[in-house]
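Asks: Shown below is the structure under consideration.
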Amino acid sequence: MKYSPSWQSLDSRTIPAWFRNAKFGIFIHWGVYSVPAWRKLEEESYASYAEWYYARVMYNEANGGKEFHDKNYGSEFEYRDFAPQFKAELFDPHFYADLFEKAGAKYVVLTSKHHDGYCLWPTKNKHKKNWNVSDVGPKRDLVGELTNAVREKGLKMGLYYSIIEWESIPTHRTQSGYFLPKHIIDKYGISPTNYVNETLIPELKEIVNNYHPSLIFSDGGEWDLEEEFSQTKPFLTWLYNDSPVKDEIVVNDRFFKGMPGQHGDYYSSEYNDAQHVQNENPWEESRGIGDSYGFNRAENWNNYNTAKELILELVDIVSRGGNLLLNIGPNADGTIPVVMQERLIEIGRWLQINGEGIYDTHRTETPSLLFENQQLYFTEKSDALYVFFTKWNSEIRFPWKKNKPTNAILLGTDFHLDFELKDNELIINIPRLTIDEIPCLHLWGVMIR
C-alpha cells in the first residue's frame, strides 16, 4: 500500500505486529550529560532528570545547579567542554546486548541524539562538526556498535531522536524564549528554519538509511513545533513508502504540538503522565529505574525501584495492553551501574518463569481487579487466560463467564491447581509450598485453559 502525506492515509497504517507482541524493551539515555551526571532531587514531575543538565542545572540558581556547576567545573566551563570527557572507554556493546537478552527484553532504544544536539553516531551533518562521537569524545560509532550487537542477539533495535535542540529551537516554557542563555544561542544556534531543513530531516533520514532502526522514539517536538513546520507528514510518508525499514518501523507521537494521543503508530507516556494511552491504540510507558533517565549521581539506593516494584509495573502495563520501556543510564565511561544491572537480571529471571503470560498477549475485558487486598492482573492469548496475583493466599477468585476450564497450572511448575466454578466465579486454590518449591519470590502467574 502506498501512503500519502495526509493523516487519514498515514493513520490507516497497521502497526507491525512485533511491537505489540514485544511488551518489554530497554531504553538507554547516554551522552555528554553522563559526564556531570548530577541534578538535585526534587519531588515535582520530571524535576530529577539529570540528562537536562544543560538546560535545567548549570545555569539554574534556584535549585543549586549553578552553584554545583561553578564550584566543581568553574563559571567559564561550558556544557560543550564536557564532551572530551565523554570517552566511553569501557563501553562493551556485546555486554550490553547480553545483559538485555538476559533481562528478557525484546527491543532496545538508544538516545542517538538528545536535546543538547550531540550525536552518538558519526553524522556527516555540517552543523554537527565537533559535536558528534567521531569528532569529540569516544571517537567510535556508538549507535552502530550497539545496533550490531543487539541484532546479533535477535532483539529489535530502535533509536530515540530529539526533534528539537535547545541551542536552536525557541520555547514557550521560559520567559527568555529559549532554554539556554542568549550568549549560548548566539554562539552555537542556527535559525529554526535552517535547523528543520538542514538538521532535523536530514539527520532523521541519515539514521534510518545508515542503521535501519525498527523504532523511532521522537521527543520534544510536542512542546513547541507546529505541525507543518516540523515536516512530519512528508517524513512519515517517505518512511512508510520508500525507506529501507518501511515494513517494520514503528514511530511514536512526539514530533509536533498536538500529535500526542492523536497520530503515530503508538502513543507514549513517561512516568505515567499521559492519560491518552488508556485506550485500544498501541502504547508504551517509559521510565527510569530511579527518578532520572540519564545517570544521576544524586540518587542513592532508596531512590531506585526494587525489582518487585518494576515487575509489578510491567504486569500492570501489559494487562492494560501496553509495553514497558525501562531505562538505564550508563556512566560516561560506558559502564552500566551495577544496581541497574541487578534489576534487569531479576526481571529477566522472573520473565523466564512467567514470560508466556507476558509476551504475545493482549488485554482482556477486565485488565485487573481487587480480591482480598491484592490486585489480580489478567492477560490472554487465543488459547489461554493468565492471571497474576500478588499475595500467596489460600485462593484467588474472579468472575468467569465461559465454560468451566479444564486446567489451571502455576507458571514455572508442573503443579495443576485445584479449582471450581461457582456462581459465575472461578475459584482457584493456591497450595502451600516451601521456599524451594515456589517458582519465584513475587507476583505469581496461573495459566488457565
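Each chain in the C-alpha cells gets a letter, A, B, ..., in the order shown, and its residues are numbered from 1; ligands are numbered from 1 in order too.
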Going by DSSP on the backbone, which residues of region 292-447 of chain A come out as alpha helix (DSSP H)? List them as a compact mmCIF listing (two decimals) with N, CA and C atoms, in the first residue's frame.

Replies:
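Okay, part_0.txt is ready:
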# COMPACT_ATOMS: atom_id res chain seq x y z
N ALA A 307 13.18 -4.61 42.26
CA ALA A 307 12.77 -5.49 41.16
C ALA A 307 11.29 -5.83 41.27
N LYS A 308 10.81 -6.04 42.49
CA LYS A 308 9.40 -6.37 42.69
C LYS A 308 8.51 -5.24 42.18
N GLU A 309 8.87 -4.00 42.50
CA GLU A 309 8.08 -2.85 42.06
C GLU A 309 8.08 -2.74 40.54
N LEU A 310 9.22 -2.99 39.91
CA LEU A 310 9.31 -2.89 38.46
C LEU A 310 8.55 -4.01 37.77
N ILE A 311 8.62 -5.21 38.33
CA ILE A 311 7.86 -6.34 37.76
C ILE A 311 6.37 -6.07 37.88
N LEU A 312 5.94 -5.54 39.02
CA LEU A 312 4.53 -5.21 39.20
C LEU A 312 4.09 -4.17 38.16
N GLU A 313 4.95 -3.18 37.91
CA GLU A 313 4.60 -2.18 36.91
C GLU A 313 4.53 -2.78 35.52
N LEU A 314 5.46 -3.67 35.21
CA LEU A 314 5.42 -4.36 33.91
C LEU A 314 4.11 -5.11 33.72
N VAL A 315 3.73 -5.88 34.73
CA VAL A 315 2.50 -6.68 34.62
C VAL A 315 1.27 -5.78 34.50
N ASP A 316 1.23 -4.72 35.29
CA ASP A 316 0.12 -3.78 35.22
C ASP A 316 0.00 -3.17 33.82
N ILE A 317 1.12 -2.74 33.26
CA ILE A 317 1.11 -2.12 31.94
C ILE A 317 0.69 -3.12 30.87
N VAL A 318 1.24 -4.32 30.91
CA VAL A 318 0.90 -5.34 29.91
C VAL A 318 -0.57 -5.72 30.03
N SER A 319 -1.10 -5.80 31.25
CA SER A 319 -2.51 -6.15 31.43
C SER A 319 -3.42 -5.10 30.80
N VAL A 338 25.90 -1.04 38.60
CA VAL A 338 25.59 -2.42 38.98
C VAL A 338 24.16 -2.56 39.50
N VAL A 339 23.65 -1.56 40.22
CA VAL A 339 22.29 -1.66 40.72
C VAL A 339 21.29 -1.78 39.55
N MET A 340 21.58 -1.12 38.44
CA MET A 340 20.72 -1.24 37.27
C MET A 340 20.85 -2.62 36.63
N GLN A 341 22.06 -3.12 36.56
CA GLN A 341 22.27 -4.47 36.04
C GLN A 341 21.49 -5.50 36.87
N GLU A 342 21.59 -5.33 38.17
CA GLU A 342 20.93 -6.29 39.07
C GLU A 342 19.42 -6.29 38.87
N ARG A 343 18.83 -5.12 38.72
CA ARG A 343 17.39 -5.04 38.50
C ARG A 343 17.00 -5.74 37.20
N LEU A 344 17.78 -5.52 36.15
CA LEU A 344 17.47 -6.16 34.86
C LEU A 344 17.56 -7.67 34.95
N ILE A 345 18.58 -8.16 35.63
CA ILE A 345 18.75 -9.61 35.77
C ILE A 345 17.58 -10.21 36.54
N GLU A 346 17.12 -9.54 37.59
CA GLU A 346 15.99 -10.05 38.37
C GLU A 346 14.71 -10.08 37.55
N ILE A 347 14.49 -9.04 36.76
CA ILE A 347 13.32 -9.02 35.88
C ILE A 347 13.41 -10.18 34.89
N GLY A 348 14.61 -10.41 34.35
CA GLY A 348 14.79 -11.49 33.41
C GLY A 348 14.52 -12.85 34.01
N ARG A 349 14.94 -13.06 35.25
CA ARG A 349 14.67 -14.34 35.92
C ARG A 349 13.17 -14.54 36.09
N TRP A 350 12.47 -13.45 36.42
CA TRP A 350 11.02 -13.55 36.57
C TRP A 350 10.36 -13.87 35.23
N LEU A 351 10.84 -13.24 34.17
CA LEU A 351 10.24 -13.47 32.85
C LEU A 351 10.54 -14.86 32.32
N GLN A 352 11.66 -15.45 32.72
CA GLN A 352 11.94 -16.83 32.31
C GLN A 352 10.85 -17.76 32.80
N ILE A 353 10.29 -17.45 33.95
CA ILE A 353 9.25 -18.28 34.55
C ILE A 353 7.87 -17.88 34.06
N ASN A 354 7.63 -16.59 33.95
CA ASN A 354 6.28 -16.09 33.72
C ASN A 354 6.07 -15.45 32.35

Asks: Just the residues within 9 Å of region 417-422 of chain A, please, counting only C-alpha atoms, with nothing from its chain fewer than 5 positions along; format it as a list in words.

Replies: Trp400, Asn403, Lys404, Pro405, Asn407, Ala408, Ile409, Leu410, Ile427, Ile428, Asn429, Ile430, Pro431 and Val446 of chain A

Asks: Residues as selected, N, CA and C atoms, written as a CSV table (one decimal), in the first residue's frame, can you do that?

Replies:
chain,number,residue,atom,x,y,z
A,400,TRP,N,-16.2,-15.4,36.1
A,400,TRP,CA,-16.0,-16.3,34.9
A,400,TRP,C,-17.2,-16.5,34.1
A,403,ASN,N,-17.3,-21.4,29.8
A,403,ASN,CA,-17.5,-22.8,30.3
A,403,ASN,C,-16.4,-23.1,31.3
A,404,LYS,N,-16.6,-24.1,32.1
A,404,LYS,CA,-15.6,-24.4,33.1
A,404,LYS,C,-14.3,-24.8,32.4
A,405,PRO,N,-13.2,-24.3,32.8
A,405,PRO,CA,-11.9,-24.6,32.2
A,405,PRO,C,-11.5,-26.1,32.5
A,407,ASN,N,-8.0,-26.8,32.9
A,407,ASN,CA,-6.7,-26.9,33.5
A,407,ASN,C,-6.3,-25.5,34.1
A,408,ALA,N,-5.6,-25.5,35.2
A,408,ALA,CA,-5.0,-24.3,35.8
A,408,ALA,C,-3.6,-24.7,36.3
A,409,ILE,N,-2.6,-24.1,35.7
A,409,ILE,CA,-1.2,-24.5,36.0
A,409,ILE,C,-0.5,-23.3,36.5
A,410,LEU,N,0.2,-23.5,37.6
A,410,LEU,CA,1.1,-22.5,38.2
A,410,LEU,C,2.3,-22.3,37.3
A,427,ILE,N,-12.9,-20.1,41.2
A,427,ILE,CA,-12.1,-20.2,42.5
A,427,ILE,C,-10.9,-21.1,42.3
A,428,ILE,N,-9.7,-20.6,42.4
A,428,ILE,CA,-8.5,-21.4,42.3
A,428,ILE,C,-7.8,-21.5,43.6
A,429,ASN,N,-7.6,-22.7,44.0
A,429,ASN,CA,-6.9,-23.0,45.3
A,429,ASN,C,-5.4,-22.8,45.1
A,430,ILE,N,-4.8,-22.1,46.0
A,430,ILE,CA,-3.3,-21.9,45.9
A,430,ILE,C,-2.7,-22.8,47.0
A,431,PRO,N,-1.8,-23.7,46.6
A,431,PRO,CA,-1.2,-24.7,47.5
A,431,PRO,C,-0.2,-24.0,48.5
A,446,VAL,N,-0.8,-17.8,36.9
A,446,VAL,CA,-1.5,-19.1,36.6
A,446,VAL,C,-2.0,-19.1,35.2

Asks: Would you give me, as a compact mmCIF listing (two decimals) with C-alpha atoms, in the first residue's frame, the residues in region 145-354 of chain A that DSSP reads as strand (DSSP E or B)?

Replies:
# COMPACT_ATOMS: atom_id res chain seq x y z
CA LYS A 156 14.91 -5.26 17.70
CA MET A 157 16.93 -2.04 17.72
CA GLY A 158 15.33 1.39 17.99
CA LEU A 159 16.65 4.94 18.16
CA TYR A 160 15.48 7.90 20.21
CA TYR A 161 15.91 11.17 18.31
CA SER A 162 15.18 14.58 19.81
CA LEU A 215 11.61 2.05 16.01
CA ILE A 216 11.99 5.83 16.17
CA PHE A 217 11.23 7.43 19.53
CA SER A 218 10.67 11.11 18.79
CA ASP A 219 10.71 13.61 21.65
CA VAL A 250 7.17 1.99 14.30
CA VAL A 251 7.15 5.61 15.48
CA TYR A 267 1.32 6.62 21.88
CA SER A 268 3.95 7.26 24.53
CA SER A 269 3.88 8.10 28.21
CA GLU A 270 6.65 8.69 30.75
CA TRP A 283 1.05 2.46 23.65
CA GLU A 284 4.23 2.42 25.67
CA GLU A 285 5.17 3.65 29.12
CA SER A 286 8.81 4.63 29.70
CA ARG A 287 10.56 5.31 32.98
CA GLY A 288 13.91 5.03 34.69
CA ASN A 323 4.64 -2.01 26.62
CA LEU A 324 7.18 -1.05 29.28
CA LEU A 325 10.35 0.67 28.04
CA LEU A 326 12.58 0.58 31.11
CA ASN A 327 15.52 2.97 31.07
CA ILE A 328 19.12 2.57 32.18

Asks: Taking 5 positions as the minimum chain separation for residues in the same chain, which residues sit within 10 Å of region 240-248 of chain A when counting only C-alpha atoms? Answer as a PyMOL selection string.

Replies: chain A and resi 1-4+10+13+15-19+156+205+208-215+235

Asks: For Glu67 (chain A), list every protein, DNA or RNA residue within 12 Å, evaluated using only C-alpha atoms, and leave out those in the same chain fewer than 6 positions away; present the list as a list in words.

Replies: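 Close residues of Glu67 (chain A): Arg39, Lys40, Val57, Met58, Tyr59, Asn60, Glu61, Tyr73, Gly74 and Ser75 of chain A.
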
Asks: Take the residues that were just selected and, keeping N, CA and C atoms, output them as a PDB file, in the first residue's frame.

Replies:
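Writing the result to part10.pdb gives the following:
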ATOM      1  N   ARG A  39      21.864  16.072  39.196  1.00  0.00           N
ATOM      2  CA  ARG A  39      20.787  17.045  39.340  1.00  0.00           C
ATOM      3  C   ARG A  39      20.170  16.846  40.716  1.00  0.00           C
ATOM      4  N   LYS A  40      19.922  17.932  41.405  1.00  0.00           N
ATOM      5  CA  LYS A  40      19.310  17.865  42.721  1.00  0.00           C
ATOM      6  C   LYS A  40      17.973  17.138  42.639  1.00  0.00           C
ATOM      7  N   VAL A  57      20.161  22.724  34.972  1.00  0.00           N
ATOM      8  CA  VAL A  57      21.057  22.635  36.113  1.00  0.00           C
ATOM      9  C   VAL A  57      22.110  23.732  36.087  1.00  0.00           C
ATOM     10  N   MET A  58      22.977  23.750  35.103  1.00  0.00           N
ATOM     11  CA  MET A  58      24.200  24.548  35.185  1.00  0.00           C
ATOM     12  C   MET A  58      23.983  26.059  35.190  1.00  0.00           C
ATOM     13  N   TYR A  59      22.812  26.516  34.756  1.00  0.00           N
ATOM     14  CA  TYR A  59      22.510  27.942  34.816  1.00  0.00           C
ATOM     15  C   TYR A  59      21.412  28.266  35.829  1.00  0.00           C
ATOM     16  N   ASN A  60      21.007  27.277  36.603  1.00  0.00           N
ATOM     17  CA  ASN A  60      19.845  27.415  37.484  1.00  0.00           C
ATOM     18  C   ASN A  60      20.295  27.776  38.907  1.00  0.00           C
ATOM     19  N   GLU A  61      20.016  28.987  39.303  1.00  0.00           N
ATOM     20  CA  GLU A  61      20.375  29.425  40.645  1.00  0.00           C
ATOM     21  C   GLU A  61      19.376  28.948  41.693  1.00  0.00           C
ATOM     22  N   TYR A  73      33.263  22.873  38.337  1.00  0.00           N
ATOM     23  CA  TYR A  73      33.828  22.975  36.992  1.00  0.00           C
ATOM     24  C   TYR A  73      34.270  24.393  36.621  1.00  0.00           C
ATOM     25  N   GLY A  74      33.744  25.374  37.316  1.00  0.00           N
ATOM     26  CA  GLY A  74      34.107  26.765  37.026  1.00  0.00           C
ATOM     27  C   GLY A  74      33.027  27.469  36.230  1.00  0.00           C
ATOM     28  N   SER A  75      32.856  28.750  36.509  1.00  0.00           N
ATOM     29  CA  SER A  75      31.781  29.514  35.869  1.00  0.00           C
ATOM     30  C   SER A  75      31.999  29.696  34.371  1.00  0.00           C
TER      31      SER A  75
END

Asks: Please identify all polymer residues within 6 Å of region 77-93 of chain A, counting only C-alpha atoms, omitting same-chain residues fewer than 5 positions from it, and present them as a short mmCIF file (atom, residue, chain, number, x, y, z; two decimals) with C-alpha atoms, in the first residue's frame.

Replies:
data_model
loop_
_atom_site.label_atom_id
_atom_site.label_comp_id
_atom_site.auth_asym_id
_atom_site.auth_seq_id
_atom_site.Cartn_x
_atom_site.Cartn_y
_atom_site.Cartn_z
CA VAL A 32 27.56 14.25 27.22
CA VAL A 136 34.95 14.71 20.02
CA GLY A 137 34.57 12.15 22.79
CA PRO A 138 34.61 8.40 22.14
CA LEU A 146 25.25 -1.28 19.77
CA ALA A 149 25.42 -6.30 18.94
CA ALA A 332 30.28 8.36 30.84
CA ASP A 333 32.86 5.56 30.57
CA GLY A 334 30.21 3.20 29.21
#

Asks: Could you tell me which of A:Arg151, A:Lys23, A:Lys391, A:Arg363 comes closest to Leu376 (chain A) if we count only C-alpha atoms?

Replies: A:Lys391

Asks: What are the nearest atom pairs, with distances in Å to one decimal, for all residues of region 42-95 of chain A that come at most 9 Å from region 167-183 of chain A, using only C-alpha atoms, set out by chain and rising residue number as CSV?

Replies:
residue,atom,partner,partner_atom,distance
A:Tyr54,CA,A:Leu180,CA,7.7
A:Ala55,CA,A:Phe179,CA,5.6
A:Arg56,CA,A:Phe179,CA,8.1
A:Tyr59,CA,A:Leu180,CA,8.1

Asks: CA of Glu145 (chain A) to CA of Asn130 (chain A): how many Å, to one decimal?

Replies: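 Those two atoms sit 20.2 Å apart.
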
Asks: Here is a test: counting only C-alpha atoms, which residue of A:Glu395, A:Gly329, A:Asp141, A:Asn132 is nearest to Asn296 (chain A)?

Replies: A:Gly329

Asks: As an exercise, work out the distance from CA of Trp166 (chain A) to CA of Gly220 (chain A) in Å and give it to one decimal place.

Replies: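 Value for the CA of Trp166 (chain A)-CA of Gly220 (chain A) distance: 9.8 Å.
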
Asks: I'd like to know which of A:Asn305, A:Ser6, A:Thr193, A:Gln375 is closest to Arg397 (chain A), using only C-alpha atoms.

Replies: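 Checking each candidate against Arg397 (chain A), we get A:Gln375 as the closest.
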
Asks: For Glu280 (chain A), which residue among A:Glu198, A:Glu299, A:Glu365, A:Glu228 is the nearest when counting only C-alpha atoms?

Replies: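 Going through A:Glu198, A:Glu299, A:Glu365, A:Glu228 one by one, the smallest distance to Glu280 (chain A) is for A:Glu365.
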
Asks: I'd like the contact shell of Asp11 (chain A) - 8 Å cut-off, only C-alpha atoms, skipping same-chain residues fewer than 5 positions apart - returned as a VMD selection string.

Replies: chain A and resid 263 to 265
